[in-house]
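For reference, query-v2.txt (compact mmCIF, N, CA and C atoms):
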# COMPACT_ATOMS: atom_id res chain seq x y z
N MET J 1 36.62 -15.90 93.59
CA MET J 1 37.91 -16.26 94.08
C MET J 1 38.95 -15.25 93.57
N THR J 2 39.76 -14.78 94.45
CA THR J 2 40.77 -13.81 94.06
C THR J 2 42.01 -14.52 93.54
N PRO J 3 42.84 -13.80 92.82
CA PRO J 3 44.07 -14.43 92.32
C PRO J 3 44.96 -14.97 93.44
N ASN J 4 44.96 -14.29 94.59
CA ASN J 4 45.79 -14.77 95.71
C ASN J 4 45.28 -16.10 96.23
N ASP J 5 43.96 -16.26 96.30
CA ASP J 5 43.39 -17.52 96.75
C ASP J 5 43.73 -18.64 95.77
N ASP J 6 43.67 -18.32 94.50
CA ASP J 6 43.98 -19.32 93.48
C ASP J 6 45.45 -19.74 93.55
N ASN J 7 46.34 -18.76 93.76
CA ASN J 7 47.77 -19.08 93.87
C ASN J 7 48.05 -19.91 95.12
N ALA J 8 47.39 -19.59 96.21
CA ALA J 8 47.58 -20.35 97.45
C ALA J 8 47.07 -21.78 97.27
N ARG J 9 45.94 -21.93 96.58
CA ARG J 9 45.40 -23.26 96.32
C ARG J 9 46.34 -24.08 95.45
N GLN J 10 46.91 -23.46 94.43
CA GLN J 10 47.85 -24.15 93.56
C GLN J 10 49.12 -24.54 94.32
N ASP J 11 49.60 -23.67 95.19
CA ASP J 11 50.79 -23.99 95.99
C ASP J 11 50.53 -25.16 96.91
N THR J 12 49.36 -25.16 97.56
CA THR J 12 49.01 -26.25 98.46
C THR J 12 48.89 -27.56 97.68
N GLN J 13 48.26 -27.50 96.52
CA GLN J 13 48.11 -28.69 95.69
C GLN J 13 49.48 -29.22 95.25
N ALA J 14 50.39 -28.34 94.89
CA ALA J 14 51.73 -28.76 94.49
C ALA J 14 52.47 -29.40 95.66
N GLN J 15 52.30 -28.88 96.86
CA GLN J 15 52.95 -29.46 98.03
C GLN J 15 52.43 -30.87 98.30
N TYR J 16 51.12 -31.06 98.19
CA TYR J 16 50.54 -32.38 98.41
C TYR J 16 51.01 -33.37 97.35
N ARG J 17 51.10 -32.93 96.12
CA ARG J 17 51.57 -33.81 95.05
C ARG J 17 53.02 -34.21 95.28
N PHE J 18 53.83 -33.26 95.70
CA PHE J 18 55.23 -33.54 96.02
C PHE J 18 55.33 -34.57 97.14
N LEU J 19 54.48 -34.40 98.16
CA LEU J 19 54.45 -35.33 99.29
C LEU J 19 54.06 -36.74 98.83
N VAL J 20 53.05 -36.85 97.99
CA VAL J 20 52.60 -38.16 97.52
C VAL J 20 53.69 -38.85 96.70
N ILE J 21 54.36 -38.10 95.84
CA ILE J 21 55.44 -38.68 95.03
C ILE J 21 56.56 -39.20 95.92
N ASN J 22 56.93 -38.43 96.94
CA ASN J 22 58.01 -38.87 97.83
C ASN J 22 57.58 -40.03 98.72
N LEU J 23 56.32 -40.07 99.13
CA LEU J 23 55.84 -41.21 99.90
C LEU J 23 55.85 -42.49 99.06
N CYS J 24 55.56 -42.38 97.77
CA CYS J 24 55.65 -43.54 96.88
C CYS J 24 57.09 -44.04 96.80
N ARG J 25 58.03 -43.11 96.72
CA ARG J 25 59.44 -43.50 96.68
C ARG J 25 59.87 -44.17 97.98
N ILE J 26 59.49 -43.60 99.10
CA ILE J 26 59.88 -44.16 100.39
C ILE J 26 59.25 -45.54 100.58
N GLY J 27 57.97 -45.67 100.26
CA GLY J 27 57.30 -46.96 100.37
C GLY J 27 57.94 -48.01 99.47
N GLY J 28 58.30 -47.61 98.26
CA GLY J 28 58.98 -48.53 97.35
C GLY J 28 60.33 -48.95 97.88
N ALA J 29 61.07 -48.02 98.46
CA ALA J 29 62.38 -48.35 99.02
C ALA J 29 62.24 -49.33 100.18
N ILE J 30 61.24 -49.14 101.02
CA ILE J 30 61.01 -50.05 102.14
C ILE J 30 60.66 -51.44 101.63
N MET J 31 59.79 -51.52 100.61
CA MET J 31 59.45 -52.82 100.05
C MET J 31 60.66 -53.50 99.41
N LEU J 32 61.53 -52.71 98.77
CA LEU J 32 62.75 -53.26 98.19
C LEU J 32 63.62 -53.90 99.27
N VAL J 33 63.83 -53.19 100.36
CA VAL J 33 64.69 -53.70 101.43
C VAL J 33 64.09 -54.95 102.07
N ILE J 34 62.79 -54.93 102.31
CA ILE J 34 62.15 -56.11 102.90
C ILE J 34 62.22 -57.28 101.93
N GLY J 35 61.99 -57.03 100.65
CA GLY J 35 62.09 -58.09 99.65
C GLY J 35 63.48 -58.69 99.58
N LEU J 36 64.49 -57.84 99.64
CA LEU J 36 65.86 -58.34 99.62
C LEU J 36 66.18 -59.14 100.88
N ALA J 37 65.66 -58.71 102.02
CA ALA J 37 65.88 -59.46 103.27
C ALA J 37 65.23 -60.83 103.20
N VAL J 38 64.05 -60.88 102.62
CA VAL J 38 63.36 -62.17 102.50
C VAL J 38 64.11 -63.08 101.52
N ILE J 39 64.58 -62.52 100.42
CA ILE J 39 65.31 -63.32 99.43
C ILE J 39 66.62 -63.84 100.02
N ALA J 40 67.34 -62.99 100.72
CA ALA J 40 68.67 -63.37 101.22
C ALA J 40 68.61 -64.29 102.43
N ARG J 41 67.68 -64.02 103.36
CA ARG J 41 67.72 -64.74 104.63
C ARG J 41 66.38 -65.34 105.03
N GLN J 42 65.43 -65.32 104.15
CA GLN J 42 64.06 -65.77 104.46
C GLN J 42 63.56 -65.12 105.75
N ALA J 43 63.74 -63.81 105.82
CA ALA J 43 63.33 -63.04 107.00
C ALA J 43 61.80 -63.02 107.10
N PHE J 44 61.31 -62.77 108.29
CA PHE J 44 59.89 -62.64 108.60
C PHE J 44 59.11 -63.93 108.34
N GLY J 45 59.81 -65.04 108.14
CA GLY J 45 59.15 -66.31 107.91
C GLY J 45 58.42 -66.41 106.58
N LEU J 46 58.79 -65.58 105.63
CA LEU J 46 58.14 -65.58 104.32
C LEU J 46 58.94 -66.43 103.34
N PRO J 47 58.25 -67.04 102.38
CA PRO J 47 58.98 -67.81 101.36
C PRO J 47 59.74 -66.89 100.41
N ILE J 48 60.71 -67.45 99.74
CA ILE J 48 61.55 -66.65 98.83
C ILE J 48 60.71 -66.03 97.71
N ALA J 49 59.69 -66.73 97.25
CA ALA J 49 58.83 -66.19 96.18
C ALA J 49 58.17 -64.88 96.62
N ALA J 50 57.77 -64.82 97.88
CA ALA J 50 57.18 -63.57 98.40
C ALA J 50 58.22 -62.45 98.39
N GLY J 51 59.47 -62.80 98.64
CA GLY J 51 60.54 -61.80 98.59
C GLY J 51 60.71 -61.23 97.20
N TYR J 52 60.64 -62.10 96.20
CA TYR J 52 60.76 -61.62 94.82
C TYR J 52 59.57 -60.73 94.45
N VAL J 53 58.39 -61.09 94.90
CA VAL J 53 57.21 -60.26 94.63
C VAL J 53 57.35 -58.90 95.29
N LEU J 54 57.75 -58.87 96.55
CA LEU J 54 57.97 -57.60 97.25
C LEU J 54 59.04 -56.77 96.56
N PHE J 55 60.11 -57.43 96.13
CA PHE J 55 61.18 -56.73 95.45
C PHE J 55 60.69 -56.08 94.15
N LEU J 56 59.94 -56.83 93.35
CA LEU J 56 59.45 -56.29 92.07
C LEU J 56 58.43 -55.17 92.27
N ILE J 57 57.53 -55.34 93.22
CA ILE J 57 56.56 -54.28 93.49
C ILE J 57 57.27 -53.03 94.02
N GLY J 58 58.25 -53.24 94.90
CA GLY J 58 59.02 -52.11 95.42
C GLY J 58 59.79 -51.40 94.33
N MET J 59 60.37 -52.16 93.42
CA MET J 59 61.11 -51.56 92.31
C MET J 59 60.18 -50.72 91.43
N PHE J 60 59.01 -51.27 91.13
CA PHE J 60 58.02 -50.55 90.33
C PHE J 60 57.59 -49.27 91.05
N SER J 61 57.30 -49.39 92.34
CA SER J 61 56.84 -48.25 93.13
C SER J 61 57.93 -47.20 93.28
N PHE J 62 59.17 -47.62 93.39
CA PHE J 62 60.28 -46.70 93.59
C PHE J 62 60.68 -45.97 92.32
N LEU J 63 60.66 -46.69 91.19
CA LEU J 63 61.18 -46.11 89.95
C LEU J 63 60.11 -45.57 89.01
N LEU J 64 59.01 -46.26 88.85
CA LEU J 64 58.06 -45.90 87.79
C LEU J 64 56.87 -45.08 88.26
N VAL J 65 56.33 -45.38 89.43
CA VAL J 65 55.13 -44.66 89.89
C VAL J 65 55.37 -43.16 90.01
N PRO J 66 56.49 -42.70 90.59
CA PRO J 66 56.70 -41.24 90.65
C PRO J 66 56.78 -40.59 89.27
N VAL J 67 57.34 -41.29 88.30
CA VAL J 67 57.43 -40.73 86.95
C VAL J 67 56.03 -40.59 86.35
N PHE J 68 55.20 -41.64 86.50
CA PHE J 68 53.84 -41.57 85.98
C PHE J 68 53.04 -40.47 86.65
N LEU J 69 53.16 -40.34 87.96
CA LEU J 69 52.43 -39.29 88.68
C LEU J 69 52.90 -37.90 88.25
N ALA J 70 54.19 -37.73 88.09
CA ALA J 70 54.72 -36.43 87.68
C ALA J 70 54.21 -36.05 86.29
N LYS J 71 54.16 -37.02 85.39
CA LYS J 71 53.65 -36.74 84.04
C LYS J 71 52.16 -36.42 84.07
N LYS J 72 51.42 -37.15 84.91
CA LYS J 72 49.98 -36.93 85.00
C LYS J 72 49.68 -35.55 85.58
N TRP J 73 50.46 -35.15 86.58
CA TRP J 73 50.19 -33.91 87.29
C TRP J 73 50.94 -32.71 86.75
N LYS J 74 51.67 -32.88 85.66
CA LYS J 74 52.45 -31.78 85.11
C LYS J 74 51.53 -30.63 84.73
N SER J 75 51.90 -29.43 85.16
CA SER J 75 51.06 -28.27 84.86
C SER J 75 51.23 -27.86 83.41
N LYS J 76 50.17 -27.29 82.89
CA LYS J 76 50.17 -26.85 81.51
C LYS J 76 50.94 -25.52 81.42
N PRO J 77 51.71 -25.34 80.33
CA PRO J 77 52.46 -24.09 80.19
C PRO J 77 51.50 -22.91 80.03
N LEU J 78 51.92 -21.78 80.57
CA LEU J 78 51.12 -20.57 80.43
C LEU J 78 51.28 -20.01 79.03
N PRO J 79 50.19 -19.44 78.48
CA PRO J 79 50.28 -18.88 77.11
C PRO J 79 51.09 -17.62 77.05
Can the structure in the file be given as structure tokens, please?
Amino acid sequence: MTPNDDNARQDTQAQYRFLVINLCRIGGAIMLVIGLAVIARQAFGLPIAAGYVLFLIGMFSFLLVPVFLAKKWKSKPLP
């Protein structure tokens, strides 16, 4: 494998990781909004308890999962 191939592979991997982190944020935001709608107006015919569960899972997915993924995937410093 040449250095160019390795750099291209690392760039592609970084792009995919960035995409996954942002998809976690977007999914969490959607769950937050749906959870709030269920809590406020019992939307979608769901009980209020389900709204609180969606809200908490969305909050976790929006705030904490991207941080954990970024720490896990952080590249090692070059010597």
**OP:** Pull the helix (DSSP H, G or I) assignments for chain J out of DSSP run on the backbone, and list those residues as a count of residues only.
**Re:** 67
Original post:
In Å to one decimal, how far is atom N of Leu19 (chain J) from atom N of Asn7 (chain J)?
Top reply: 18.2 Å
**OP:** Could you give me, as a PyMOL selection string, the residues that sit within 8 Å of (58.7, -51.6, 100.0) in the file's coordinates, counting only N, CA and C atoms?
**Re:** chain J and resi 25-35+54-55+57-59+61-62
**OP:** Record the distance separating atom N of Ile39 (chain J) and atom C of Val65 (chain J), expressed in Å with one decimal.
**Re:** 23.8 Å
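For the atom pair formed by CA of Trp73 (chain J) and CA of Ile21 (chain J), the distance is 10.5 Å, given to one decimal.
Here the question is which of J:Pro66, J:Ser75, J:Gln42, J:Arg9 gets nearest to Asn22 (chain J) using all atoms listed in the file, and that residue is J:Pro66.
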